[in-house]
Structures are given as structure tokens and as C-alpha cells.
>>> print(open('final_3.cif').read())   # mmCIF, C-alpha atoms
data_input
#
loop_
_atom_site.label_atom_id
_atom_site.label_comp_id
_atom_site.auth_asym_id
_atom_site.auth_seq_id
_atom_site.Cartn_x
_atom_site.Cartn_y
_atom_site.Cartn_z
CA MET A 136 83.74 160.17 161.02
CA THR A 137 85.27 159.27 157.65
CA ALA A 138 89.01 159.04 156.99
CA ALA A 139 88.84 162.26 155.00
CA GLU A 140 87.09 164.10 157.84
CA SER A 141 89.69 162.92 160.36
CA ILE A 142 92.51 164.78 158.61
CA SER A 143 93.24 168.23 160.01
CA ALA A 144 92.81 171.28 157.80
CA SER A 145 96.52 172.04 157.86
CA ALA A 146 97.49 168.49 156.92
CA ARG A 147 94.87 168.35 154.17
CA PHE A 148 96.11 171.61 152.65
CA GLU A 149 99.79 170.73 152.93
CA ALA A 150 99.28 167.39 151.19
CA ALA A 151 97.11 168.72 148.39
CA PHE A 152 99.30 171.78 147.81
CA ALA A 153 102.48 169.72 147.76
CA ALA A 154 100.96 167.38 145.19
CA CYS A 155 99.87 170.22 142.89
CA PRO A 156 99.99 173.94 143.82
CA LEU A 157 97.34 174.86 141.26
CA VAL A 158 93.89 175.97 142.42
CA ALA A 159 91.10 175.51 139.87
CA VAL A 160 88.57 178.32 140.15
CA LEU A 161 85.38 177.04 138.51
CA ARG A 162 83.39 180.26 138.44
CA GLY A 163 80.01 179.88 136.76
CA ILE A 164 80.01 176.09 136.63
CA ARG A 165 76.65 174.29 136.89
CA PRO A 166 75.91 171.17 138.96
CA ASP A 167 75.13 169.19 135.81
CA GLU A 168 78.69 169.67 134.51
CA ILE A 169 80.72 169.66 137.72
CA GLU A 170 81.47 165.95 137.74
CA ALA A 171 82.76 165.84 134.16
CA VAL A 172 84.86 168.98 134.51
CA GLY A 173 86.04 168.06 137.99
CA GLY A 174 86.98 164.61 136.79
CA ALA A 175 89.01 166.04 133.92
CA LEU A 176 90.91 168.31 136.30
CA ILE A 177 91.57 165.51 138.77
CA ASP A 178 92.80 163.27 135.94
CA ALA A 179 95.18 166.06 134.88
CA GLY A 180 96.67 166.12 138.38
CA PHE A 181 94.76 168.94 140.10
CA THR A 182 94.16 168.39 143.80
CA ILE A 183 92.53 171.71 144.83
CA LEU A 184 89.21 172.80 143.30
CA GLU A 185 86.91 175.63 144.32
CA VAL A 186 83.39 176.51 143.24
CA PRO A 187 82.83 180.28 143.69
CA LEU A 188 79.59 181.01 145.50
CA ASN A 189 78.43 183.35 142.73
CA SER A 190 78.05 180.31 140.47
CA PRO A 191 74.67 178.64 139.78
CA GLU A 192 73.67 176.38 142.71
CA PRO A 193 77.21 176.36 144.14
CA TYR A 194 76.45 174.24 147.19
CA GLU A 195 75.00 171.48 145.03
CA SER A 196 78.13 171.54 142.88
CA ILE A 197 80.31 171.34 145.99
CA THR A 198 78.27 168.41 147.26
CA ARG A 199 78.68 166.52 143.99
CA LEU A 200 82.36 167.33 143.68
CA SER A 201 83.04 166.38 147.29
CA ALA A 202 81.41 163.00 146.70
CA MET A 203 84.10 162.32 144.07
CA ALA A 204 86.96 163.41 146.32
CA GLY A 205 89.20 161.19 148.36
CA GLU A 206 91.33 162.42 151.22
CA SER A 207 94.05 163.50 148.76
CA LEU A 208 91.80 166.22 147.30
CA LEU A 209 90.75 169.59 148.69
CA ILE A 210 87.31 170.78 147.58
CA GLY A 211 85.43 173.86 148.64
CA ALA A 212 84.14 177.32 147.82
CA GLY A 213 85.47 180.58 146.51
CA THR A 214 84.13 184.12 146.81
CA VAL A 215 83.16 183.42 150.42
CA THR A 216 82.37 186.80 151.98
CA LYS A 217 80.08 185.99 154.92
CA VAL A 218 80.58 183.97 158.09
CA GLU A 219 77.33 182.07 157.59
CA GLU A 220 78.55 180.81 154.22
CA VAL A 221 81.34 178.87 155.91
CA GLY A 222 78.84 176.58 157.63
CA ARG A 223 76.92 176.02 154.41
CA VAL A 224 80.12 175.00 152.60
CA ALA A 225 80.94 172.56 155.39
CA ALA A 226 77.42 171.12 155.23
CA ALA A 227 77.89 170.57 151.50
CA GLY A 228 81.02 168.53 152.18
CA GLY A 229 83.62 171.19 151.39
CA HIS A 230 86.84 171.70 153.33
CA LEU A 231 88.16 174.84 151.62
CA ILE A 232 87.21 178.50 152.04
CA VAL A 233 88.66 181.03 149.59
CA SER A 234 87.81 184.73 149.80
CA PRO A 235 88.57 187.70 147.56
CA HIS A 236 89.40 189.78 150.63
CA CYS A 237 90.79 189.58 154.16
CA ASP A 238 87.97 189.28 156.70
CA PRO A 239 89.24 188.07 160.09
CA ALA A 240 85.73 186.93 161.03
CA VAL A 241 85.49 184.63 158.00
CA ILE A 242 88.98 183.33 158.67
CA ALA A 243 88.16 182.64 162.32
CA ALA A 244 84.94 180.85 161.39
CA SER A 245 86.86 178.67 158.94
CA VAL A 246 89.54 177.82 161.49
CA ASP A 247 86.90 177.02 164.12
CA ALA A 248 85.26 174.65 161.64
CA ASP A 249 88.66 173.06 160.87
CA MET A 250 88.48 174.16 157.26
CA VAL A 251 91.32 175.39 155.08
CA CYS A 252 91.17 179.17 154.63
CA LEU A 253 92.86 181.13 151.84
CA PRO A 254 91.86 184.80 152.13
CA GLY A 255 92.62 187.38 149.47
CA VAL A 256 95.34 189.93 150.21
CA PHE A 257 97.09 192.63 148.21
CA THR A 258 99.26 194.39 150.78
CA PRO A 259 101.59 193.36 153.62
CA THR A 260 99.08 194.83 156.10
CA GLU A 261 96.32 192.54 154.82
CA ALA A 262 98.71 189.60 154.63
CA PHE A 263 99.80 189.87 158.26
CA ALA A 264 96.21 190.42 159.41
CA ALA A 265 95.20 187.21 157.63
CA ILE A 266 98.11 185.26 159.10
CA HIS A 267 97.36 186.47 162.62
CA ALA A 268 93.72 185.41 162.16
CA GLY A 269 94.83 181.87 161.30
CA ALA A 270 94.90 181.71 157.49
CA HIS A 271 96.54 178.58 156.08
CA GLY A 272 97.79 180.41 152.99
CA LEU A 273 97.36 183.73 151.19
CA LYS A 274 95.66 184.48 147.89
CA PHE A 275 97.52 187.37 146.24
CA PHE A 276 94.68 188.98 144.31
CA PRO A 277 94.25 190.52 141.81
CA ALA A 278 97.74 189.64 140.58
CA GLU A 279 97.13 191.25 137.20
CA ALA A 280 96.98 194.62 138.95
CA ALA A 281 100.55 194.17 140.20
CA THR A 282 103.86 192.71 139.00
CA PRO A 283 105.93 189.74 140.13
CA ALA A 284 108.21 192.25 141.88
CA VAL A 285 105.43 192.89 144.40
CA ILE A 286 105.33 189.23 145.39
CA LYS A 287 109.12 189.19 145.67
CA ALA A 288 108.98 192.12 148.10
CA MET A 289 106.17 190.54 150.13
CA LYS A 290 107.92 187.19 150.38
CA ALA A 291 110.93 188.94 151.88
CA VAL A 292 108.91 189.94 154.95
CA LEU A 293 106.24 187.25 155.30
CA PRO A 294 106.83 184.30 157.63
CA ARG A 295 108.35 181.27 155.99
CA GLY A 296 105.96 178.42 155.49
CA VAL A 297 102.93 180.56 154.62
CA PRO A 298 102.14 179.85 150.94
CA LEU A 299 101.48 182.84 148.72
CA ILE A 300 99.24 181.99 145.76
CA ALA A 301 99.14 184.33 142.76
CA VAL A 302 95.60 184.66 141.41
CA GLY A 303 94.37 186.67 138.44
CA GLY A 304 95.44 186.50 134.82
CA MET A 305 97.66 183.43 135.21
CA THR A 306 98.43 181.57 131.97
CA PRO A 307 100.82 178.69 131.29
CA ASP A 308 103.19 181.22 129.73
CA THR A 309 103.15 183.79 132.54
CA MET A 310 103.34 181.49 135.57
CA GLY A 311 107.11 181.22 135.36
CA ALA A 312 107.77 184.89 136.09
CA TRP A 313 105.58 184.76 139.19
CA GLY A 314 107.23 181.57 140.36
CA ASP A 315 110.68 183.07 139.89
CA ALA A 316 109.57 186.00 142.08
CA GLY A 317 108.49 183.67 144.87
CA ALA A 318 104.88 182.66 144.24
CA ASP A 319 104.27 179.27 145.81
CA GLY A 320 101.18 178.43 143.79
CA TYR A 321 98.65 179.75 141.30
CA GLY A 322 94.90 180.25 141.15
CA LEU A 323 93.49 179.60 137.69
CA GLY A 324 90.16 181.09 136.68
CA SER A 325 88.76 182.03 133.29
CA ASN A 326 91.91 180.94 131.45
CA LEU A 327 91.18 177.41 132.66
CA TYR A 328 87.37 177.34 132.79
CA ARG A 329 84.57 179.74 131.97
CA PRO A 330 80.88 179.02 131.33
CA GLY A 331 80.54 177.26 128.01
CA THR A 332 83.99 175.68 128.03
CA THR A 333 83.83 172.03 127.01
CA THR A 334 85.22 169.31 129.22
CA GLN A 335 87.74 168.45 126.52
CA ALA A 336 88.96 172.04 126.36
CA VAL A 337 89.31 172.13 130.15
CA ALA A 338 91.29 168.90 130.07
CA GLU A 339 93.64 170.24 127.40
CA GLN A 340 94.22 173.54 129.19
CA ALA A 341 94.69 171.76 132.52
CA ALA A 342 97.43 169.65 130.93
CA ARG A 343 99.16 172.81 129.72
CA TYR A 344 99.14 174.29 133.22
CA VAL A 345 100.51 171.12 134.78
CA ALA A 346 103.24 170.94 132.13
CA ALA A 347 104.13 174.61 132.76
CA LEU A 348 104.34 173.91 136.48
CA LYS A 349 106.79 171.09 135.87
CA ARG A 350 108.97 173.36 133.74
#
>>> encode(input="final_3.cif", output="C-alpha cells")
Amino acid sequence: MTAAESISASARFEAAFAACPLVAVLRGIRPDEIEAVGGALIDAGFTILEVPLNSPEPYESITRLSAMAGESLLIGAGTVTKVEEVGRVAAAGGHLIVSPHCDPAVIAASVDADMVCLPGVFTPTEAFAAIHAGAHGLKFFPAEAATPAVIKAMKAVLPRGVPLIAVGGMTPDTMGAWGDAGADGYGLGSNLYRPGTTTQAVAEQAARYVAALKR
């Protein structure tokens, strides 16, 4: 067992999230570009990176990205919708499972495999179902279909210590309003990376997000 594998899922998530509460969503990335793009994000200060499973050869990208990662980084998959996909992500070296929805079976499989699980929720009912199933944090998605006021209302009733991550439409300029409302972190998709984006462009945009977070 490696040092990275010996760290519990909760401890791994807490450390990575405390270092940088930004989740890079690399939808559409190819294995032949994952190391350059991943390296640029890591250099910018990102500690949590996900490869959505509807990307080309996602498990290969996760394998390559995981090989670059030390115990301070959290690497895994997004758009995980089936229980069997959890095992494949683990076999590829990933430790993170992110879903667009709340499926207690996927959450339970992730917890059983000692992997970090961030299911998608949009209502208090889904949020509490995810928490009761063992989720380590909640992905508020799609944020662009709501307002920061919704997160403020949800934070008033959710248990303290359960991070709520706003995902969907986040830009360096709009993050502040969500943070003021109570968002604990942010998932960054096409505004950070989309197929065809150069590594240099990703690096520049990543720096903008990190600077916005510090503000």
C-alpha cells in the first residue's frame, strides 16, 4: 500500500479542499493532453481534478493523471452514474467520484471503496438523502439554473461541515456572489477547459480563478 492509498477518503478530501476549493472539470479531454493540462492546473494551485466519464478514453486519462498525483492531490471521475463505474475509476487510480445526480447506490459503492463522493443535488431533499448515504460533500448543480439565494437558504438547514460546491456557469467574476451566499467551493467546467483549449489558455484561466478565490 502506498502512502497515498493509506490516507482515508475523508482526510484526502479535507486536505485537498482546504488547500484549494476549486474542482477542475476536464470534460472532453484526451489522454494525450491530460498530463500537460493537468500539470498546468496543479502548477496554478488546483488540488482536485476530475475527468468526466463521457470524455474520450476517460479511464486512461485518470490513470495518467493519477500517476502525476501525490497524496496532496485528489484525482478521479465525473459524470459517474453507475455503480460499476466506481470500481473502474478505482482501478484506474482515482480516488474521487462526482455525479450529476444523487444516487444512494453510487454513493454507497464509493464509500465502501473508501473513495471521496460528491453527488449532484439541487434540493434539500436530495441534499439530505446524499448526506445520509455518506457523501463527503455536495455538488450544487446546475447552479446557473438557480441563484445564490438558493444556496444561502440550503446552508441554513444543512449540517455544518458538509461542503456545498456550486457547479455550473462559474466564472472568476461571478464566484464572489456565490461565496457570499455560503458556497464552500466551486466546480469549473467549460469556462476553464473545453476541447481545443490550449494548455497556455488553461493555465491563464486557472490563474484567474485562483486569484478570484483569494479575493
>>> residues_around(input="final_3.cif", residues="Val302 of chain A", least_positions_apart="2", cutoff="8 Å", atoms="only C-alpha atoms", output="PyMOL selection string")
chain A and resi 274-279+300+304-305+321-323
>>> resolve_selection(input="final_3.cif", expression="the PyMOL selection byres ((chain A and resi 308) around 12)", output="PDB file with C-alpha atoms, keeping the file's coordinate frame")
ATOM      1  CA  GLY A 304      95.440 186.500 134.820  1.00  0.00           C
ATOM      2  CA  MET A 305      97.660 183.430 135.210  1.00  0.00           C
ATOM      3  CA  THR A 306      98.430 181.570 131.970  1.00  0.00           C
ATOM      4  CA  PRO A 307     100.820 178.690 131.290  1.00  0.00           C
ATOM      5  CA  THR A 309     103.150 183.790 132.540  1.00  0.00           C
ATOM      6  CA  MET A 310     103.340 181.490 135.570  1.00  0.00           C
ATOM      7  CA  GLY A 311     107.110 181.220 135.360  1.00  0.00           C
ATOM      8  CA  ALA A 312     107.770 184.890 136.090  1.00  0.00           C
ATOM      9  CA  TRP A 313     105.580 184.760 139.190  1.00  0.00           C
ATOM     10  CA  GLY A 314     107.230 181.570 140.360  1.00  0.00           C
ATOM     11  CA  ASN A 326      91.910 180.940 131.450  1.00  0.00           C
ATOM     12  CA  GLN A 340      94.220 173.540 129.190  1.00  0.00           C
ATOM     13  CA  ARG A 343      99.160 172.810 129.720  1.00  0.00           C
ATOM     14  CA  TYR A 344      99.140 174.290 133.220  1.00  0.00           C
ATOM     15  CA  VAL A 345     100.510 171.120 134.780  1.00  0.00           C
ATOM     16  CA  ALA A 346     103.240 170.940 132.130  1.00  0.00           C
ATOM     17  CA  ALA A 347     104.130 174.610 132.760  1.00  0.00           C
ATOM     18  CA  LEU A 348     104.340 173.910 136.480  1.00  0.00           C
ATOM     19  CA  ARG A 350     108.970 173.360 133.740  1.00  0.00           C
TER      20      ARG A 350
END
>>> resolve_selection(input="final_3.cif", expression="the PyMOL selection byres ((chain A and resi 199-203) around 12)", output="JSON, numbers by chain")
{"A": [139, 140, 161, 164, 165, 166, 167, 168, 169, 170, 171, 172, 173, 174, 175, 176, 177, 178, 182, 183, 184, 185, 186, 192, 193, 194, 195, 196, 197, 198, 204, 205, 206, 207, 208, 209, 210, 211, 212, 224, 225, 226, 227, 228, 229, 230, 231]}
>>> resolve_selection(input="final_3.cif", expression="the PyMOL selection byres ((chain A and resi 152-157) around 6)", output="list of chain:residue names")
A:Phe148, A:Glu149, A:Ala150, A:Ala151, A:Val158, A:Phe181, A:Gly320, A:Tyr321, A:Gly322
>>> closest_residue(input="final_3.cif", among="A:Ala336, A:Val297, A:Ala146, A:Val292", to="Pro259 of chain A", atoms="only C-alpha atoms")
A:Val292
>>> atom_distance(input="final_3.cif", atom1="atom CA of Cys252 of chain A", atom2="atom CA of Glu220 of chain A")
12.7 Å
>>> residues_near_point(input="final_3.cif", point="(105.9, 193.4, 142.5)", cutoff="9 Å", atoms="only C-alpha atoms", output="PDB file with C-alpha atoms, in the frame of the given file")
ATOM      1  CA  ALA A 281     100.550 194.170 140.200  1.00  0.00           C
ATOM      2  CA  THR A 282     103.860 192.710 139.000  1.00  0.00           C
ATOM      3  CA  PRO A 283     105.930 189.740 140.130  1.00  0.00           C
ATOM      4  CA  ALA A 284     108.210 192.250 141.880  1.00  0.00           C
ATOM      5  CA  VAL A 285     105.430 192.890 144.400  1.00  0.00           C
ATOM      6  CA  ILE A 286     105.330 189.230 145.390  1.00  0.00           C
ATOM      7  CA  LYS A 287     109.120 189.190 145.670  1.00  0.00           C
ATOM      8  CA  ALA A 288     108.980 192.120 148.100  1.00  0.00           C
ATOM      9  CA  MET A 289     106.170 190.540 150.130  1.00  0.00           C
ATOM     10  CA  ALA A 316     109.570 186.000 142.080  1.00  0.00           C
TER      11      ALA A 316
END
>>> atom_distance(input="final_3.cif", atom1="atom CA of Lys349 of chain A", atom2="atom CA of Ala318 of chain A")
14.4 Å
>>> decode(input="final_3.cif", residues="segment 200-216 of chain A", atoms="N, CA, C and O atoms", output="mmCIF file, in the first residue's frame")
data_model
loop_
_atom_site.group_PDB
_atom_site.id
_atom_site.type_symbol
_atom_site.label_atom_id
_atom_site.label_comp_id
_atom_site.auth_asym_id
_atom_site.auth_seq_id
_atom_site.Cartn_x
_atom_site.Cartn_y
_atom_site.Cartn_z
ATOM 1 N N LEU A 200 -3.209 10.819 -15.105
ATOM 2 C CA LEU A 200 -3.259 11.939 -14.162
ATOM 3 C C LEU A 200 -2.929 11.466 -12.754
ATOM 4 O O LEU A 200 -2.202 12.151 -12.017
ATOM 5 N N SER A 201 -3.421 10.298 -12.386
ATOM 6 C CA SER A 201 -3.149 9.762 -11.054
ATOM 7 C C SER A 201 -1.667 9.476 -10.858
ATOM 8 O O SER A 201 -1.143 9.603 -9.745
ATOM 9 N N ALA A 202 -0.988 9.110 -11.938
ATOM 10 C CA ALA A 202 0.441 8.822 -11.847
ATOM 11 C C ALA A 202 1.242 10.081 -11.518
ATOM 12 O O ALA A 202 2.361 10.001 -10.993
ATOM 13 N N MET A 203 0.666 11.254 -11.822
ATOM 14 C CA MET A 203 1.334 12.522 -11.542
ATOM 15 C C MET A 203 1.046 13.005 -10.126
ATOM 16 O O MET A 203 1.705 13.921 -9.632
ATOM 17 N N ALA A 204 0.044 12.421 -9.492
ATOM 18 C CA ALA A 204 -0.503 12.978 -8.262
ATOM 19 C C ALA A 204 0.167 12.427 -7.022
ATOM 20 O O ALA A 204 0.319 11.225 -6.869
ATOM 21 N N GLY A 205 0.519 13.331 -6.120
ATOM 22 C CA GLY A 205 0.981 12.926 -4.810
ATOM 23 C C GLY A 205 -0.209 12.837 -3.873
ATOM 24 O O GLY A 205 -1.354 13.004 -4.280
ATOM 25 N N GLU A 206 0.047 12.609 -2.600
ATOM 26 C CA GLU A 206 -1.049 12.446 -1.658
ATOM 27 C C GLU A 206 -1.785 13.745 -1.382
ATOM 28 O O GLU A 206 -2.861 13.740 -0.769
ATOM 29 N N SER A 207 -1.238 14.879 -1.839
ATOM 30 C CA SER A 207 -1.903 16.164 -1.617
ATOM 31 C C SER A 207 -2.954 16.466 -2.678
ATOM 32 O O SER A 207 -3.677 17.453 -2.572
ATOM 33 N N LEU A 208 -3.051 15.610 -3.713
ATOM 34 C CA LEU A 208 -3.992 15.840 -4.802
ATOM 35 C C LEU A 208 -5.118 14.816 -4.777
ATOM 36 O O LEU A 208 -4.944 13.695 -4.310
ATOM 37 N N LEU A 209 -6.263 15.229 -5.296
ATOM 38 C CA LEU A 209 -7.430 14.348 -5.365
ATOM 39 C C LEU A 209 -7.854 14.254 -6.824
ATOM 40 O O LEU A 209 -8.288 15.242 -7.426
ATOM 41 N N ILE A 210 -7.699 13.063 -7.393
ATOM 42 C CA ILE A 210 -7.968 12.830 -8.813
ATOM 43 C C ILE A 210 -9.060 11.787 -8.954
ATOM 44 O O ILE A 210 -9.106 10.809 -8.209
ATOM 45 N N GLY A 211 -9.942 11.983 -9.929
ATOM 46 C CA GLY A 211 -10.970 10.975 -10.138
ATOM 47 C C GLY A 211 -11.855 11.283 -11.318
ATOM 48 O O GLY A 211 -11.421 11.908 -12.282
ATOM 49 N N ALA A 212 -13.106 10.837 -11.226
ATOM 50 C CA ALA A 212 -14.016 10.905 -12.368
ATOM 51 C C ALA A 212 -15.247 11.722 -12.058
ATOM 52 O O ALA A 212 -15.714 11.790 -10.920
ATOM 53 N N GLY A 213 -15.797 12.319 -13.118
ATOM 54 C CA GLY A 213 -17.073 12.995 -13.031
ATOM 55 C C GLY A 213 -18.082 12.282 -13.909
ATOM 56 O O GLY A 213 -17.740 11.358 -14.651
ATOM 57 N N THR A 214 -19.326 12.706 -13.824
ATOM 58 C CA THR A 214 -20.423 12.091 -14.574
ATOM 59 C C THR A 214 -20.468 10.576 -14.332
ATOM 60 O O THR A 214 -20.645 9.788 -15.254
ATOM 61 N N VAL A 215 -20.280 10.197 -13.081
ATOM 62 C CA VAL A 215 -20.370 8.791 -12.693
ATOM 63 C C VAL A 215 -21.837 8.506 -12.373
ATOM 64 O O VAL A 215 -22.397 9.084 -11.434
ATOM 65 N N THR A 216 -22.448 7.620 -13.133
ATOM 66 C CA THR A 216 -23.883 7.356 -12.970
ATOM 67 C C THR A 216 -24.213 5.900 -12.658
ATOM 68 O O THR A 216 -25.368 5.576 -12.399
#
